[in-house]
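These notes are about the structure you will find just below.
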Amino acid sequence: MANLVRSVAAPAPRTRARDQAAARYLFLVPYLIVFLLFRFGPIAGGWLISLTRWNLIGSPRWIGVANYRALWHDSLFWVSVKNTLAFTAMAGPMLILGGLALALLVDQPLRGRYLARVLIFAPYAVMSAVVGVLWNWLYDTNFGIINYYLSLLALPSVPWLINEHVALVAIVLTTVWWTVGYNMVIFLAGLQEIPTELHEAAIVDGATFWQRFRSITLPLLTPTTYAVVILTLINTGQVFDQIYVMTAGGPGTATLTLVQYMYYQAFQTYNLGYGAAVAYATFAVLLAVTLVVHRLFRREAAA
Amino acid sequence: MRALSRTVLYIIVLAAVMAAVLPLVWMVSTSLKPEGQILSYPPRWLPLTPTLENYTSVLRRFAFGRWTLNSIVVAIAATGSVVLIDALAGYALARLRSRTSNVLFALIISMLLVPIQATVIPLFLLFAEVHLLDSFAALILPTTANITGVLLMRQFFLGFPMELEEAARIDGAGEGRIWWSVVMPMAAPALGAVAALTFVSSWNSLLWPLIAINSDRVRTLPVGIAQYMGSHAGTSGSAPAYGPALASATMATLPALLIFLLLQRYFVRGIATTGLKG
């Protein structure tokens, strides 16, 4: 009987299910087209382009890994690697720890905390070009308001964007102002996933804020922290906009980063093949850093 | 002790809020000053004689209105297409659960690791090949290949109860119909988050438009501001004209800030989900 029912009823649901799956694959088609054309295709194509000598005029010439060999001996490339890593090493911890500290702060039951969250996050809504223009003015050596307040504190005025030892730090501070709120928002969401009962129980047991932070908040926040760390590394490693507007890589090569250098090679001197090689080298550097961080988190999780 | 530490907390919050907001206040204030007062010493937070001359000068000398209009058109078109395409794809990926679809999904998210900058040279050559550089298509099309949107939509639909869809299916509704009239209306929060994130990233986008665009006809706000108001834009030797630069900065910021304040709930939800589940 059961067999009979199944054999009679089966064909209908099966075609139904097949139609359903077919319809759903159809739903995927528009995205797959744009993904292949504008993301996957260019990423794969970029690799091929990096193996050519390709100036805007004239056709590409296949030169194998010659661009990468040239990169290895290109001092400007290594300067931009160094600057990018320095930028990430300075901005990364400030953005991550700052975001966490701000999230902990506005997570406290303080009056006006919702308004504070929105306002601290607000700079993120300002476009990068404007961030650059605005901070050019704030950092102005003679008339900038930052140096004015430094002088009120009897501190010497700082040649923020015109001194090669300070310019990168200045860009770091601007970047922190601009995007620390983004990390704060992610951390806040993570904090709110932690059950309050755990904290309440710990308080009953007499745990201090720092004890609770170390043995409840931090461990339970690990997935969020991981996401923030990876996102921050990827974003700081690709820094371009604010530098383009504020210093354009200068003074000298003090703020020349990898993406700056790619832009310079590909779109100012039109060495498209070489520029593509810089782009892929950037990807390699970022991937290496990401993998190291990933390992650290894995070990942390295992311990 | 309790009260003291609370006071300290309030002071720190206040300091953080001031650090975030005061630069923007200073931007607006400077933009309202006549050129002579901008460089006056000591600086004054309120303009002595507020003026709109910086604004009129920007509007007279640059195609600022056109840039703004272009930015709005591009952001709306990009947001509309991303929301539609990603809602379709995210729904399909959440419901298919076959090996093929899992492989596709893994391929899609693995591309998150590749910096978007790695795509600009090939995209430049692609659009040059089809003679679409310096067009709206060049600005809009690449943004549609967005990954976080698909991720967000899939995540949302995974947690979405299937009973409603099943009921509609028993009533004889087709898959397209179910998606449009049963699923989409319930997906408003996720759609809002994707829309807010896409709009802002399109509105702020600089590198690709900088490469793809070279005429005012399609030039967007960030490109216009970066090219004409950035530090290396001024003619060498002349003092930087901060007034017009900050007036354009203010004009580009205030509407976006207003929209952000109205939509910040969606915005925050989008970012939080990317962080938690991404």
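The chains in the structure tokens are called A, B, ... from first to last as shown; in each chain the residues are counted from 1, and the ligands are counted from 1 in the order shown.
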
With only C-alpha atoms counted and 6 Å as the cut-off, give the residues of chain A in contact with chain B, each with its shortest interatomic distance in Å and the pair that gives it, as a Markdown table.
| residue | atom | partner | partner_atom | distance |
| --- | --- | --- | --- | --- |
| A:Arg24 | CA | B:Ala92 | CA | 5.0 |
| A:Phe27 | CA | B:Leu88 | CA | 5.2 |
| A:Leu28 | CA | B:Ala89 | CA | 4.6 |
| A:Tyr31 | CA | B:Ile85 | CA | 5.7 |
| A:Val34 | CA | B:Ala145 | CA | 5.3 |
| A:Phe35 | CA | B:Ala145 | CA | 4.7 |
| A:Phe38 | CA | B:Pro142 | CA | 5.3 |
| A:Pro42 | CA | B:Pro122 | CA | 5.1 |
| A:Ile43 | CA | B:Thr119 | CA | 5.4 |
| A:Gly46 | CA | B:Pro122 | CA | 5.6 |
| A:Ile120 | CA | B:Ala20 | CA | 5.4 |
| A:Val126 | CA | B:Thr253 | CA | 5.9 |
| A:Met127 | CA | B:Asn204 | CA | 4.7 |
| A:Ala129 | CA | B:Pro222 | CA | 5.3 |
| A:Val130 | CA | B:Ala249 | CA | 5.2 |
| A:Val133 | CA | B:Gly230 | CA | 5.8 |
| A:Phe143 | CA | B:Leu39 | CA | 5.9 |
| A:Ile186 | CA | B:Ala272 | CA | 4.7 |
| A:Ala189 | CA | B:Ala272 | CA | 5.7 |
| A:Thr224 | CA | B:Leu276 | CA | 5.7 |
| A:Ala227 | CA | B:Gly275 | CA | 5.5 |
| A:Val245 | CA | B:Gly230 | CA | 4.7 |
| A:Met246 | CA | B:Ser231 | CA | 5.6 |
| A:Ala279 | CA | B:Ala118 | CA | 5.0 |

Include C-alpha atoms and write out the residues we just selected as an mmCIF file, in the first residue's frame.
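What ended up in selection_31.cif:
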data_model
loop_
_atom_site.group_PDB
_atom_site.id
_atom_site.type_symbol
_atom_site.label_atom_id
_atom_site.label_comp_id
_atom_site.auth_asym_id
_atom_site.auth_seq_id
_atom_site.Cartn_x
_atom_site.Cartn_y
_atom_site.Cartn_z
ATOM 1 C CA ARG A 24 15.991 29.146 -7.958
ATOM 2 C CA PHE A 27 17.242 33.601 -9.526
ATOM 3 C CA LEU A 28 21.020 33.297 -9.331
ATOM 4 C CA TYR A 31 24.115 37.926 -9.928
ATOM 5 C CA VAL A 34 27.640 40.565 -12.937
ATOM 6 C CA PHE A 35 29.893 38.633 -10.552
ATOM 7 C CA PHE A 38 32.890 42.632 -12.881
ATOM 8 C CA PRO A 42 38.710 41.058 -13.568
ATOM 9 C CA ILE A 43 40.448 39.309 -10.673
ATOM 10 C CA GLY A 46 44.393 40.984 -13.589
ATOM 11 C CA ILE A 120 30.729 58.845 17.447
ATOM 12 C CA VAL A 126 31.428 61.528 5.632
ATOM 13 C CA MET A 127 32.894 60.734 2.221
ATOM 14 C CA ALA A 129 37.241 63.052 -0.310
ATOM 15 C CA VAL A 130 35.668 65.386 2.248
ATOM 16 C CA VAL A 133 39.811 68.216 2.452
ATOM 17 C CA PHE A 143 46.539 78.379 10.501
ATOM 18 C CA ILE A 186 30.419 45.796 15.244
ATOM 19 C CA ALA A 189 26.521 44.144 18.352
ATOM 20 C CA THR A 224 33.467 39.425 16.747
ATOM 21 C CA ALA A 227 35.879 39.706 12.252
ATOM 22 C CA VAL A 245 43.407 63.863 -1.271
ATOM 23 C CA MET A 246 45.766 64.880 1.558
ATOM 24 C CA ALA A 279 47.986 45.027 -7.300
#

May I have all residues of region 97-250 of chain B that DSSP, computed from the backbone, assigns to alpha helix (DSSP H), given as a PyMOL selection string?
chain B and resi 99-110+120-129+136-140+148-158+163-170+175-178+184-186+188-204+207-212+221-229+242-250

Write out as number ranges by chain which residues come within 12 Å of Ala66 (chain A) when counting only C-alpha atoms, dropping same-chain ones fewer than 5 positions away.
A: 49-53, 61, 71-73, 273-274, 277

For the residues selected in the previous step, produce a file with N, CA and C atoms as a CSV table (one decimal), in the first residue's frame.
chain,number,residue,atom,x,y,z
A,49,ILE,N,47.1,40.1,-16.9
A,49,ILE,CA,47.7,41.4,-17.3
A,49,ILE,C,49.0,41.6,-16.7
A,50,SER,N,49.1,41.1,-15.4
A,50,SER,CA,50.4,41.4,-14.7
A,50,SER,C,51.6,40.6,-15.3
A,51,LEU,N,51.3,39.7,-16.2
A,51,LEU,CA,52.3,38.9,-16.9
A,51,LEU,C,52.6,39.5,-18.3
A,52,THR,N,52.2,40.8,-18.5
A,52,THR,CA,52.4,41.4,-19.8
A,52,THR,C,53.1,42.8,-19.6
A,53,ARG,N,53.7,43.2,-20.7
A,53,ARG,CA,54.0,44.6,-20.7
A,53,ARG,C,52.9,45.3,-21.5
A,61,ARG,N,52.3,42.8,-24.5
A,61,ARG,CA,53.3,41.8,-24.9
A,61,ARG,C,53.6,40.9,-23.7
A,71,LEU,N,59.7,44.2,-9.8
A,71,LEU,CA,59.2,44.6,-8.6
A,71,LEU,C,60.2,44.4,-7.4
A,72,TRP,N,60.8,43.2,-7.5
A,72,TRP,CA,61.7,42.7,-6.4
A,72,TRP,C,62.8,43.7,-6.3
A,73,HIS,N,63.3,44.3,-7.4
A,73,HIS,CA,64.4,45.3,-7.4
A,73,HIS,C,63.9,46.7,-7.4
A,273,GLY,N,50.5,46.7,-17.1
A,273,GLY,CA,51.0,45.4,-16.7
A,273,GLY,C,51.7,45.5,-15.4
A,274,TYR,N,52.6,46.5,-15.2
A,274,TYR,CA,53.3,46.6,-14.0
A,274,TYR,C,52.4,47.0,-12.8
A,277,ALA,N,50.8,44.0,-11.6
A,277,ALA,CA,51.7,43.2,-10.7
A,277,ALA,C,51.7,43.8,-9.3

For region 127-140 of chain B, list every protein, DNA or RNA residue within 7 Å, evaluated using only C-alpha atoms, and leave out those in the same chain fewer than 4 positions away; present the list as a PDB file with N, CA and C atoms, in the first residue's frame.
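Produced file part.pdb, reproduced below:
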ATOM      1  N   VAL B  74      23.815  57.902  -9.761  1.00  0.00           N
ATOM      2  CA  VAL B  74      24.620  56.681  -9.683  1.00  0.00           C
ATOM      3  C   VAL B  74      24.287  55.898  -8.421  1.00  0.00           C
ATOM      4  N   ALA B  77      20.777  54.275  -8.747  1.00  0.00           N
ATOM      5  CA  ALA B  77      20.781  53.162  -9.706  1.00  0.00           C
ATOM      6  C   ALA B  77      21.547  51.974  -9.139  1.00  0.00           C
ATOM      7  N   ALA B  78      22.698  52.251  -8.512  1.00  0.00           N
ATOM      8  CA  ALA B  78      23.505  51.163  -7.942  1.00  0.00           C
ATOM      9  C   ALA B  78      22.729  50.471  -6.828  1.00  0.00           C
ATOM     10  N   LEU B 123      39.140  46.192 -15.096  1.00  0.00           N
ATOM     11  CA  LEU B 123      37.878  46.873 -15.378  1.00  0.00           C
ATOM     12  C   LEU B 123      38.098  48.049 -16.325  1.00  0.00           C
ATOM     13  N   THR B 144      27.512  46.512  -8.993  1.00  0.00           N
ATOM     14  CA  THR B 144      26.495  45.473  -8.842  1.00  0.00           C
ATOM     15  C   THR B 144      27.111  44.130  -8.447  1.00  0.00           C
ATOM     16  N   PRO B 209      35.804  55.628  -9.784  1.00  0.00           N
ATOM     17  CA  PRO B 209      35.344  56.793 -10.557  1.00  0.00           C
ATOM     18  C   PRO B 209      36.499  57.692 -11.008  1.00  0.00           C
ATOM     19  N   ALA B 212      37.782  55.950 -14.043  1.00  0.00           N
ATOM     20  CA  ALA B 212      36.875  55.729 -15.171  1.00  0.00           C
ATOM     21  C   ALA B 212      36.329  57.019 -15.774  1.00  0.00           C
ATOM     22  N   ILE B 213      36.406  58.129 -15.023  1.00  0.00           N
ATOM     23  CA  ILE B 213      35.684  59.345 -15.420  1.00  0.00           C
ATOM     24  C   ILE B 213      36.649  60.472 -15.747  1.00  0.00           C
ATOM     25  N   ASN B 214      36.383  61.219 -16.832  1.00  0.00           N
ATOM     26  CA  ASN B 214      37.180  62.433 -17.012  1.00  0.00           C
ATOM     27  C   ASN B 214      36.402  63.630 -17.543  1.00  0.00           C
ATOM     28  N   SER B 215      35.068  63.608 -17.418  1.00  0.00           N
ATOM     29  CA  SER B 215      34.327  64.804 -17.824  1.00  0.00           C
ATOM     30  C   SER B 215      33.256  65.138 -16.799  1.00  0.00           C
ATOM     31  N   VAL B 218      29.688  63.207 -16.300  1.00  0.00           N
ATOM     32  CA  VAL B 218      29.424  62.074 -15.402  1.00  0.00           C
ATOM     33  C   VAL B 218      30.239  62.139 -14.112  1.00  0.00           C
TER      34      VAL B 218
END

Tell me, in Å to one decimal, how far CA of Gln242 (chain A) is from CA of Ser31 (chain B).
20.2 Å

Selection: 8 Å around Tyr124 (chain A), only C-alpha atoms, excl. self and same-chain fewer than 3 positions, as an mmCIF file with N, CA and C atoms, in the first residue's frame:
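Result file follows (part_24.cif):
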data_model
loop_
_atom_site.group_PDB
_atom_site.id
_atom_site.type_symbol
_atom_site.label_atom_id
_atom_site.label_comp_id
_atom_site.auth_asym_id
_atom_site.auth_seq_id
_atom_site.Cartn_x
_atom_site.Cartn_y
_atom_site.Cartn_z
ATOM 1 N N PHE A 121 29.733 57.559 15.650
ATOM 2 C CA PHE A 121 29.717 56.839 14.381
ATOM 3 C C PHE A 121 29.612 57.795 13.189
ATOM 4 N N MET A 127 32.154 61.384 3.312
ATOM 5 C CA MET A 127 32.894 60.734 2.221
ATOM 6 C C MET A 127 34.396 61.013 2.328
ATOM 7 N N TRP A 178 37.946 58.867 11.374
ATOM 8 C CA TRP A 178 36.938 58.593 10.352
ATOM 9 C C TRP A 178 36.242 57.241 10.562
ATOM 10 N N THR A 179 37.000 56.178 10.897
ATOM 11 C CA THR A 179 36.398 54.849 10.837
ATOM 12 C C THR A 179 36.318 54.083 12.159
ATOM 13 N N GLY A 181 34.357 54.453 14.531
ATOM 14 C CA GLY A 181 32.952 54.227 14.861
ATOM 15 C C GLY A 181 32.394 52.959 14.221
ATOM 16 N N TYR A 182 32.939 52.625 13.057
ATOM 17 C CA TYR A 182 32.506 51.414 12.356
ATOM 18 C C TYR A 182 32.814 50.178 13.205
#

Which distance in Å separates CA of Gly80 (chain B) and CA of Ile33 (chain A), to one decimal?
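Separation between CA of Gly80 (chain B) and CA of Ile33 (chain A): 16.8 Å.
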
CA of Val8 (chain B) to CA of Ile194 (chain A), straight-line distance in Å
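Taking CA of Ile194 (chain A) and CA of Val8 (chain B), their separation equals 25.1 Å.
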
Who sits within 9 Å of Ile216 (chain A), only C-alpha atoms, same chain under 5 positions skipped, as an MDAnalysis selection string:
chainID A and resid 194 198:199 202 211 221

For the residues in the current selection, export N, CA and C atoms as a PDB file, in the first residue's frame.
ATOM      1  N   ILE A 194      26.119  38.785  24.207  1.00  0.00           N
ATOM      2  CA  ILE A 194      26.548  38.083  25.423  1.00  0.00           C
ATOM      3  C   ILE A 194      25.410  38.108  26.437  1.00  0.00           C
ATOM      4  N   LEU A 198      25.253  36.026  32.646  1.00  0.00           N
ATOM      5  CA  LEU A 198      26.636  35.706  32.988  1.00  0.00           C
ATOM      6  C   LEU A 198      27.248  36.821  33.824  1.00  0.00           C
ATOM      7  N   HIS A 199      27.034  38.062  33.388  1.00  0.00           N
ATOM      8  CA  HIS A 199      27.587  39.202  34.116  1.00  0.00           C
ATOM      9  C   HIS A 199      26.934  39.325  35.491  1.00  0.00           C
ATOM     10  N   ALA A 202      28.337  36.833  37.834  1.00  0.00           N
ATOM     11  CA  ALA A 202      29.700  37.189  38.225  1.00  0.00           C
ATOM     12  C   ALA A 202      29.693  38.331  39.237  1.00  0.00           C
ATOM     13  N   GLN A 211      37.814  41.813  35.991  1.00  0.00           N
ATOM     14  CA  GLN A 211      37.725  40.348  36.022  1.00  0.00           C
ATOM     15  C   GLN A 211      36.659  39.844  35.070  1.00  0.00           C
ATOM     16  N   LEU A 221      33.575  37.319  23.130  1.00  0.00           N
ATOM     17  CA  LEU A 221      33.597  38.283  22.033  1.00  0.00           C
ATOM     18  C   LEU A 221      34.527  37.828  20.907  1.00  0.00           C
TER      19      LEU A 221
END

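The strand (DSSP E) portion of region 16-255 of chain A consists of A:Thr52, A:Arg53, A:Arg61, A:Trp62, with states taken from DSSP on the backbone.
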
What's around region 289-295 of chain A at 8 Å? Count only C-alpha atoms, leave out sequence neighbours fewer than 3 positions away in its own chain, and write the answer as a PyMOL selection string.
chain A and resi 230+233-234+285-286+298-299
